[in-house]
Amino acid sequence: MNARNKELSENIEEYLEVLYRYGNKKNHVSTTTISKQLKIAPASVTQMLKKLEDLEYIKYIPYKGAILTDEGTKIAQKITRKHRILERFLSDVLKIKKENIHIQACNMEHSLSDEAERAMCHILEHPDKCPDEKPIPSCDLDFNSCEECLNENSDIEEIGVRNDNLISISQLDSNESGKISFIRGNPISFKKLMGLGIAIGTTVLVEEINQIDKVISVNINDSNITLTDEIADNIFVKFIS
């Protein structure tokens, strides 16, 4: 890969990362927001958004903004995950000063291999938040739990990846549902959730979100369960409706 292609690749990732950070599955991110975050002139942003739409990474509407496609979301989640795991590693393991962590993670995220990312996740014991308390997206490896990943000794190239993008229960709105596909955490936490009927393959419906108490009421197998935000952040679903 030559320097020009590498620069373009990193540039694309930066745009998709901003769209992931400031958008969601419904709302477009304005050209103004992207321009401010990337410190790039609005006209240049518009040109890039058109290119990203041609690549089918986004859907772009002039004067409204852009929203990620499934393929764009896949890339954006991956680079966001690498960035936030790097921040955790720089903070917890290397003890880098807090004010230097973000910029160093930005410089490293594009070149961090999937193998190194997985190793960091194991060392950090599958973290769920970066030092700034922003949620870390799930990995795209084809596992149902972190325990499966820890017990798998195959090389990263031999491990399959998911076809579907996953979101946490915390990212669902009221009356939205998803199929549980991955649970993050240690084996003890995993077994506790299984005891509540929270299992891989079951459907969860969000009934009420209490932002004051930071809990989410869900329905699973016709049972009403209240989840803390911390638990909901670590249960990932394939969005249904």
# chains A, B, ... in the order shown; residues from 1 in each chain; ligands from 1
>>> select_by_dssp(residues="range 2-241 of chain A", states="strand (DSSP E)", output="VMD selection string")
chain A and resid 58 to 61 65 to 68 167 to 168 177 to 183 203 to 210 215 to 220 223 to 228 235 to 239
>>> residues_around(residues="Val161 in chain A", least_positions_apart="3", cutoff="10 Å", atoms="only C-alpha atoms", output="list in words")
Cys139, Asp140, Leu141, Asp142, Phe143, Ile156, Glu157, Glu158 and Asp164 of chain A
>>> write_last_selection(atoms="all heavy atoms", output="mmCIF file, in the first residue's frame")
data_model
loop_
_atom_site.group_PDB
_atom_site.id
_atom_site.type_symbol
_atom_site.label_atom_id
_atom_site.label_comp_id
_atom_site.auth_asym_id
_atom_site.auth_seq_id
_atom_site.Cartn_x
_atom_site.Cartn_y
_atom_site.Cartn_z
ATOM 1 N N CYS A 139 -16.447 -6.537 19.660
ATOM 2 C CA CYS A 139 -15.585 -6.946 18.554
ATOM 3 C C CYS A 139 -16.463 -7.582 17.476
ATOM 4 O O CYS A 139 -17.647 -7.862 17.693
ATOM 5 C CB CYS A 139 -14.522 -7.931 19.032
ATOM 6 S SG CYS A 139 -15.180 -9.561 19.482
ATOM 7 N N ASP A 140 -15.872 -7.818 16.303
ATOM 8 C CA ASP A 140 -16.636 -8.435 15.219
ATOM 9 C C ASP A 140 -16.293 -9.907 15.032
ATOM 10 O O ASP A 140 -16.669 -10.524 14.041
ATOM 11 C CB ASP A 140 -16.429 -7.681 13.906
ATOM 12 C CG ASP A 140 -14.980 -7.695 13.428
ATOM 13 O OD1 ASP A 140 -14.113 -8.206 14.164
ATOM 14 O OD2 ASP A 140 -14.714 -7.204 12.312
ATOM 15 N N LEU A 141 -15.563 -10.494 16.001
ATOM 16 C CA LEU A 141 -15.215 -11.906 15.912
ATOM 17 C C LEU A 141 -16.444 -12.766 16.209
ATOM 18 O O LEU A 141 -17.304 -12.385 17.003
ATOM 19 C CB LEU A 141 -14.086 -12.235 16.889
ATOM 20 C CG LEU A 141 -12.784 -11.460 16.665
ATOM 21 C CD1 LEU A 141 -11.760 -11.827 17.728
ATOM 22 C CD2 LEU A 141 -12.228 -11.727 15.269
ATOM 23 N N ASP A 142 -16.499 -13.920 15.591
ATOM 24 C CA ASP A 142 -17.708 -14.753 15.666
ATOM 25 C C ASP A 142 -17.731 -15.592 16.942
ATOM 26 O O ASP A 142 -17.628 -16.822 16.914
ATOM 27 C CB ASP A 142 -17.790 -15.654 14.432
ATOM 28 C CG ASP A 142 -19.153 -16.307 14.284
ATOM 29 O OD1 ASP A 142 -20.114 -15.806 14.897
ATOM 30 O OD2 ASP A 142 -19.257 -17.302 13.551
ATOM 31 N N PHE A 143 -17.877 -14.899 18.073
ATOM 32 C CA PHE A 143 -18.004 -15.553 19.373
ATOM 33 C C PHE A 143 -19.299 -15.103 20.029
ATOM 34 O O PHE A 143 -19.811 -14.016 19.759
ATOM 35 C CB PHE A 143 -16.833 -15.188 20.293
ATOM 36 C CG PHE A 143 -15.488 -15.687 19.825
ATOM 37 C CD1 PHE A 143 -14.484 -14.800 19.475
ATOM 38 C CD2 PHE A 143 -15.230 -17.048 19.745
ATOM 39 C CE1 PHE A 143 -13.243 -15.248 19.053
ATOM 40 C CE2 PHE A 143 -13.992 -17.517 19.319
ATOM 41 C CZ PHE A 143 -13.003 -16.616 18.975
ATOM 42 N N ILE A 156 -5.810 -15.311 14.470
ATOM 43 C CA ILE A 156 -6.901 -14.382 14.187
ATOM 44 C C ILE A 156 -7.449 -14.571 12.776
ATOM 45 O O ILE A 156 -8.648 -14.415 12.537
ATOM 46 C CB ILE A 156 -6.422 -12.921 14.396
ATOM 47 C CG1 ILE A 156 -7.607 -11.947 14.418
ATOM 48 C CG2 ILE A 156 -5.395 -12.517 13.356
ATOM 49 C CD1 ILE A 156 -8.387 -11.966 15.685
ATOM 50 N N GLU A 157 -6.587 -14.945 11.829
ATOM 51 C CA GLU A 157 -7.027 -15.131 10.443
ATOM 52 C C GLU A 157 -7.957 -16.328 10.291
ATOM 53 O O GLU A 157 -8.722 -16.417 9.325
ATOM 54 C CB GLU A 157 -5.821 -15.304 9.514
ATOM 55 C CG GLU A 157 -4.921 -14.080 9.395
ATOM 56 C CD GLU A 157 -3.920 -13.974 10.534
ATOM 57 O OE1 GLU A 157 -3.875 -14.922 11.367
ATOM 58 O OE2 GLU A 157 -3.198 -12.966 10.600
ATOM 59 N N GLU A 158 -7.898 -17.261 11.238
ATOM 60 C CA GLU A 158 -8.709 -18.469 11.149
ATOM 61 C C GLU A 158 -10.057 -18.324 11.847
ATOM 62 O O GLU A 158 -10.920 -19.191 11.730
ATOM 63 C CB GLU A 158 -7.937 -19.648 11.764
ATOM 64 C CG GLU A 158 -6.614 -19.943 11.064
ATOM 65 C CD GLU A 158 -5.787 -20.989 11.797
ATOM 66 O OE1 GLU A 158 -6.243 -21.458 12.868
ATOM 67 O OE2 GLU A 158 -4.698 -21.331 11.324
ATOM 68 N N ASP A 164 -23.340 -9.599 10.867
ATOM 69 C CA ASP A 164 -24.237 -8.552 11.359
ATOM 70 C C ASP A 164 -23.504 -7.576 12.270
ATOM 71 O O ASP A 164 -22.613 -7.953 13.033
ATOM 72 C CB ASP A 164 -25.401 -9.177 12.143
ATOM 73 C CG ASP A 164 -26.221 -10.139 11.308
ATOM 74 O OD1 ASP A 164 -26.598 -9.758 10.182
ATOM 75 O OD2 ASP A 164 -26.480 -11.261 11.779
#
>>> closest_atom_pairs(of="range 161-241 of chain A", to="range 58-82 of chain A", cutoff="12 Å", atoms="only C-alpha atoms", output="JSON lines")
{"residue": "A:Val161", "atom": "CA", "partner": "A:Lys74", "partner_atom": "CA", "distance": 11.0}
{"residue": "A:Arg162", "atom": "CA", "partner": "A:Lys74", "partner_atom": "CA", "distance": 10.0}
{"residue": "A:Asn163", "atom": "CA", "partner": "A:Lys74", "partner_atom": "CA", "distance": 9.3}
{"residue": "A:Asp164", "atom": "CA", "partner": "A:Asp70", "partner_atom": "CA", "distance": 8.3}
{"residue": "A:Asn165", "atom": "CA", "partner": "A:Lys74", "partner_atom": "CA", "distance": 6.1}
{"residue": "A:Leu166", "atom": "CA", "partner": "A:Lys74", "partner_atom": "CA", "distance": 9.0}
{"residue": "A:Ile167", "atom": "CA", "partner": "A:Gln77", "partner_atom": "CA", "distance": 9.6}
{"residue": "A:Lys238", "atom": "CA", "partner": "A:Asp70", "partner_atom": "CA", "distance": 11.9}
{"residue": "A:Phe239", "atom": "CA", "partner": "A:Asp70", "partner_atom": "CA", "distance": 11.5}
>>> write_last_selection(atoms="C-alpha atoms", output="JSON list (two decimals), in the first residue's frame")
[["chain", "number", "residue", "atom", "x", "y", "z"],
["A", 161, "VAL", "CA", -16.26, -12.63, 11.74],
["A", 162, "ARG", "CA", -19.93, -11.79, 12.17],
["A", 163, "ASN", "CA", -21.99, -10.74, 9.21],
["A", 164, "ASP", "CA", -24.24, -8.55, 11.36],
["A", 165, "ASN", "CA", -23.44, -5.31, 13.15],
["A", 166, "LEU", "CA", -24.29, -5.54, 16.83],
["A", 167, "ILE", "CA", -25.43, -2.79, 19.17],
["A", 238, "LYS", "CA", -28.81, -7.77, 16.30],
["A", 239, "PHE", "CA", -31.34, -4.99, 15.76]]
>>> closest_residue(among="A:Asp229, A:Glu17, A:Glu176, A:Glu117", to="Thr203 in chain A", atoms="only C-alpha atoms")
A:Glu176
>>> closest_residue(among="A:Arg88, A:Leu172, A:Ala116, A:Lys26", to="Glu133 in chain A", atoms="only C-alpha atoms")
A:Arg88
>>> select_by_dssp(residues="range 30-68 of chain A", states="alpha helix (DSSP H)", output="list in words")
Thr31, Thr32, Thr33, Ile34, Ser35, Lys36, Gln37, Leu38, Pro42, Ala43, Ser44, Val45, Thr46, Gln47, Met48, Leu49, Lys50, Lys51, Leu52, Glu53 and Asp54 of chain A
>>> write_last_selection(atoms="all heavy atoms", output="compact mmCIF listing (two decimals), in the first residue's frame")
# COMPACT_ATOMS: atom_id res chain seq x y z
N THR A 31 -23.09 18.38 7.90
CA THR A 31 -21.77 18.71 7.35
C THR A 31 -21.03 19.65 8.29
O THR A 31 -19.81 19.54 8.45
CB THR A 31 -21.94 19.39 5.97
OG1 THR A 31 -22.66 18.52 5.11
CG2 THR A 31 -20.60 19.74 5.36
N THR A 32 -21.75 20.55 8.94
CA THR A 32 -21.13 21.49 9.88
C THR A 32 -20.48 20.77 11.04
O THR A 32 -19.35 21.08 11.44
CB THR A 32 -22.18 22.48 10.41
OG1 THR A 32 -22.76 23.20 9.33
CG2 THR A 32 -21.54 23.47 11.39
N THR A 33 -21.16 19.76 11.59
CA THR A 33 -20.61 18.99 12.70
C THR A 33 -19.34 18.27 12.29
O THR A 33 -18.32 18.30 12.99
CB THR A 33 -21.64 17.97 13.21
OG1 THR A 33 -22.78 18.66 13.72
CG2 THR A 33 -21.04 17.10 14.32
N ILE A 34 -19.38 17.64 11.12
CA ILE A 34 -18.20 16.91 10.63
C ILE A 34 -17.05 17.88 10.40
O ILE A 34 -15.90 17.61 10.75
CB ILE A 34 -18.54 16.16 9.33
CG1 ILE A 34 -19.66 15.15 9.57
CG2 ILE A 34 -17.30 15.46 8.78
CD1 ILE A 34 -20.23 14.54 8.31
N SER A 35 -17.36 19.03 9.82
CA SER A 35 -16.34 20.05 9.53
C SER A 35 -15.65 20.51 10.81
O SER A 35 -14.41 20.62 10.87
CB SER A 35 -16.99 21.24 8.83
OG SER A 35 -16.06 22.29 8.65
N LYS A 36 -16.43 20.76 11.85
CA LYS A 36 -15.86 21.23 13.12
C LYS A 36 -15.02 20.16 13.78
O LYS A 36 -13.94 20.43 14.32
CB LYS A 36 -16.99 21.65 14.07
CG LYS A 36 -17.68 22.96 13.68
CD LYS A 36 -18.77 23.32 14.67
CE LYS A 36 -19.43 24.65 14.30
NZ LYS A 36 -20.53 24.99 15.25
N GLN A 37 -15.48 18.92 13.75
CA GLN A 37 -14.76 17.85 14.42
C GLN A 37 -13.45 17.51 13.73
O GLN A 37 -12.44 17.21 14.39
CB GLN A 37 -15.65 16.59 14.51
CG GLN A 37 -16.83 16.75 15.44
CD GLN A 37 -16.44 17.14 16.85
OE1 GLN A 37 -15.53 16.56 17.43
NE2 GLN A 37 -17.12 18.13 17.40
N LEU A 38 -13.43 17.55 12.41
CA LEU A 38 -12.24 17.18 11.66
C LEU A 38 -11.39 18.39 11.29
O LEU A 38 -10.29 18.24 10.74
CB LEU A 38 -12.63 16.42 10.40
CG LEU A 38 -13.29 15.05 10.63
CD1 LEU A 38 -13.66 14.41 9.30
CD2 LEU A 38 -12.37 14.13 11.42
N PRO A 42 -16.04 23.07 5.06
CA PRO A 42 -17.30 22.42 4.69
C PRO A 42 -17.35 21.94 3.24
O PRO A 42 -17.90 20.87 2.96
CB PRO A 42 -18.34 23.53 4.94
CG PRO A 42 -17.73 24.37 6.01
CD PRO A 42 -16.25 24.37 5.73
N ALA A 43 -16.78 22.70 2.32
CA ALA A 43 -16.80 22.30 0.91
C ALA A 43 -16.03 21.00 0.71
O ALA A 43 -16.46 20.12 -0.07
CB ALA A 43 -16.20 23.40 0.05
N SER A 44 -14.91 20.85 1.41
CA SER A 44 -14.11 19.62 1.31
C SER A 44 -14.85 18.45 1.93
O SER A 44 -14.79 17.31 1.44
CB SER A 44 -12.75 19.81 1.98
OG SER A 44 -12.00 20.82 1.33
N VAL A 45 -15.57 18.73 3.02
CA VAL A 45 -16.37 17.68 3.67
C VAL A 45 -17.44 17.18 2.72
O VAL A 45 -17.66 15.97 2.58
CB VAL A 45 -17.01 18.22 4.97
CG1 VAL A 45 -18.03 17.22 5.51
CG2 VAL A 45 -15.94 18.50 6.02
N THR A 46 -18.11 18.10 2.04
CA THR A 46 -19.17 17.72 1.10
C THR A 46 -18.62 16.82 0.00
O THR A 46 -19.24 15.82 -0.39
CB THR A 46 -19.81 18.98 0.48
OG1 THR A 46 -20.40 19.76 1.52
CG2 THR A 46 -20.88 18.59 -0.53
N GLN A 47 -17.44 17.16 -0.53
CA GLN A 47 -16.82 16.34 -1.57
C GLN A 47 -16.53 14.93 -1.07
O GLN A 47 -16.80 13.95 -1.79
CB GLN A 47 -15.53 17.01 -2.05
CG GLN A 47 -15.74 18.24 -2.88
CD GLN A 47 -14.43 18.85 -3.37
OE1 GLN A 47 -13.36 18.54 -2.85
NE2 GLN A 47 -14.51 19.71 -4.38
N MET A 48 -16.01 14.85 0.15
CA MET A 48 -15.70 13.52 0.71
C MET A 48 -16.96 12.72 0.96
O MET A 48 -17.00 11.51 0.72
CB MET A 48 -14.89 13.66 1.99
CG MET A 48 -14.61 12.32 2.69
SD MET A 48 -13.76 11.11 1.62
CE MET A 48 -12.07 11.68 1.78
N LEU A 49 -18.01 13.36 1.43
CA LEU A 49 -19.26 12.64 1.69
C LEU A 49 -19.82 12.04 0.40
O LEU A 49 -20.37 10.93 0.41
CB LEU A 49 -20.29 13.58 2.33
CG LEU A 49 -19.97 14.06 3.75
CD1 LEU A 49 -21.07 14.97 4.27
CD2 LEU A 49 -19.76 12.89 4.70
N LYS A 50 -19.67 12.75 -0.68
CA LYS A 50 -20.13 12.22 -1.97
C LYS A 50 -19.31 10.98 -2.36
O LYS A 50 -19.84 10.01 -2.90
CB LYS A 50 -20.04 13.29 -3.05
CG LYS A 50 -21.05 14.42 -2.86
CD LYS A 50 -20.89 15.50 -3.93
CE LYS A 50 -21.90 16.62 -3.73
NZ LYS A 50 -21.73 17.72 -4.72
N LYS A 51 -18.00 11.02 -2.08
CA LYS A 51 -17.14 9.86 -2.36
C LYS A 51 -17.54 8.68 -1.48
O LYS A 51 -17.60 7.54 -1.94
CB LYS A 51 -15.68 10.22 -2.12
CG LYS A 51 -15.10 11.20 -3.12
CD LYS A 51 -13.63 11.50 -2.80
CE LYS A 51 -13.04 12.50 -3.79
NZ LYS A 51 -11.62 12.82 -3.45
N LEU A 52 -17.81 8.97 -0.21
CA LEU A 52 -18.19 7.90 0.71
C LEU A 52 -19.52 7.28 0.32
O LEU A 52 -19.74 6.08 0.53
CB LEU A 52 -18.24 8.43 2.15
CG LEU A 52 -16.92 8.90 2.76
CD1 LEU A 52 -17.15 9.45 4.17
CD2 LEU A 52 -15.90 7.77 2.79
N GLU A 53 -20.41 8.09 -0.24
CA GLU A 53 -21.69 7.55 -0.71
C GLU A 53 -21.46 6.65 -1.92
O GLU A 53 -22.08 5.60 -2.04
CB GLU A 53 -22.65 8.68 -1.05
CG GLU A 53 -24.03 8.16 -1.43
CD GLU A 53 -25.06 9.27 -1.55
OE1 GLU A 53 -24.75 10.30 -2.18
OE2 GLU A 53 -26.18 9.09 -1.02
N ASP A 54 -20.56 7.06 -2.80
CA ASP A 54 -20.23 6.21 -3.96
C ASP A 54 -19.65 4.87 -3.52
O ASP A 54 -19.87 3.84 -4.18
CB ASP A 54 -19.21 6.93 -4.87
CG ASP A 54 -19.82 8.11 -5.61
OD1 ASP A 54 -21.07 8.16 -5.71
OD2 ASP A 54 -19.07 8.98 -6.07
>>> residues_around(residues="range 95-105 of chain A", least_positions_apart="3", cutoff="8 Å", atoms="only C-alpha atoms", output="PyMOL selection string")
chain A and resi 83-84+86-87+90-92+108-109
>>> write_last_selection(atoms="N, CA and C atoms", output="PDB file, in the first residue's frame")
ATOM      1  N   HIS A  83      -9.661   2.466  18.873  1.00  0.00           N
ATOM      2  CA  HIS A  83      -9.276   3.720  19.527  1.00  0.00           C
ATOM      3  C   HIS A  83      -9.504   3.643  21.035  1.00  0.00           C
ATOM      4  N   ARG A  84     -10.669   3.169  21.444  1.00  0.00           N
ATOM      5  CA  ARG A  84     -11.013   3.188  22.867  1.00  0.00           C
ATOM      6  C   ARG A  84     -10.275   2.108  23.648  1.00  0.00           C
ATOM      7  N   LEU A  86      -7.237   1.168  22.815  1.00  0.00           N
ATOM      8  CA  LEU A  86      -5.907   1.772  22.911  1.00  0.00           C
ATOM      9  C   LEU A  86      -5.859   2.782  24.054  1.00  0.00           C
ATOM     10  N   GLU A  87      -6.886   3.586  24.184  1.00  0.00           N
ATOM     11  CA  GLU A  87      -6.926   4.548  25.289  1.00  0.00           C
ATOM     12  C   GLU A  87      -6.869   3.830  26.633  1.00  0.00           C
ATOM     13  N   LEU A  90      -3.255   2.451  27.037  1.00  0.00           N
ATOM     14  CA  LEU A  90      -2.317   3.533  27.326  1.00  0.00           C
ATOM     15  C   LEU A  90      -2.482   4.031  28.755  1.00  0.00           C
ATOM     16  N   SER A  91      -3.714   4.046  29.230  1.00  0.00           N
ATOM     17  CA  SER A  91      -4.004   4.528  30.584  1.00  0.00           C
ATOM     18  C   SER A  91      -3.680   3.491  31.654  1.00  0.00           C
ATOM     19  N   ASP A  92      -4.194   2.274  31.477  1.00  0.00           N
ATOM     20  CA  ASP A  92      -4.117   1.276  32.538  1.00  0.00           C
ATOM     21  C   ASP A  92      -2.787   0.543  32.595  1.00  0.00           C
ATOM     22  N   MET A 108      -2.329   5.832  16.623  1.00  0.00           N
ATOM     23  CA  MET A 108      -2.056   4.403  16.599  1.00  0.00           C
ATOM     24  C   MET A 108      -3.206   3.560  16.049  1.00  0.00           C
ATOM     25  N   GLU A 109      -4.430   4.064  16.116  1.00  0.00           N
ATOM     26  CA  GLU A 109      -5.609   3.243  15.841  1.00  0.00           C
ATOM     27  C   GLU A 109      -5.638   2.674  14.428  1.00  0.00           C
TER      28      GLU A 109
END
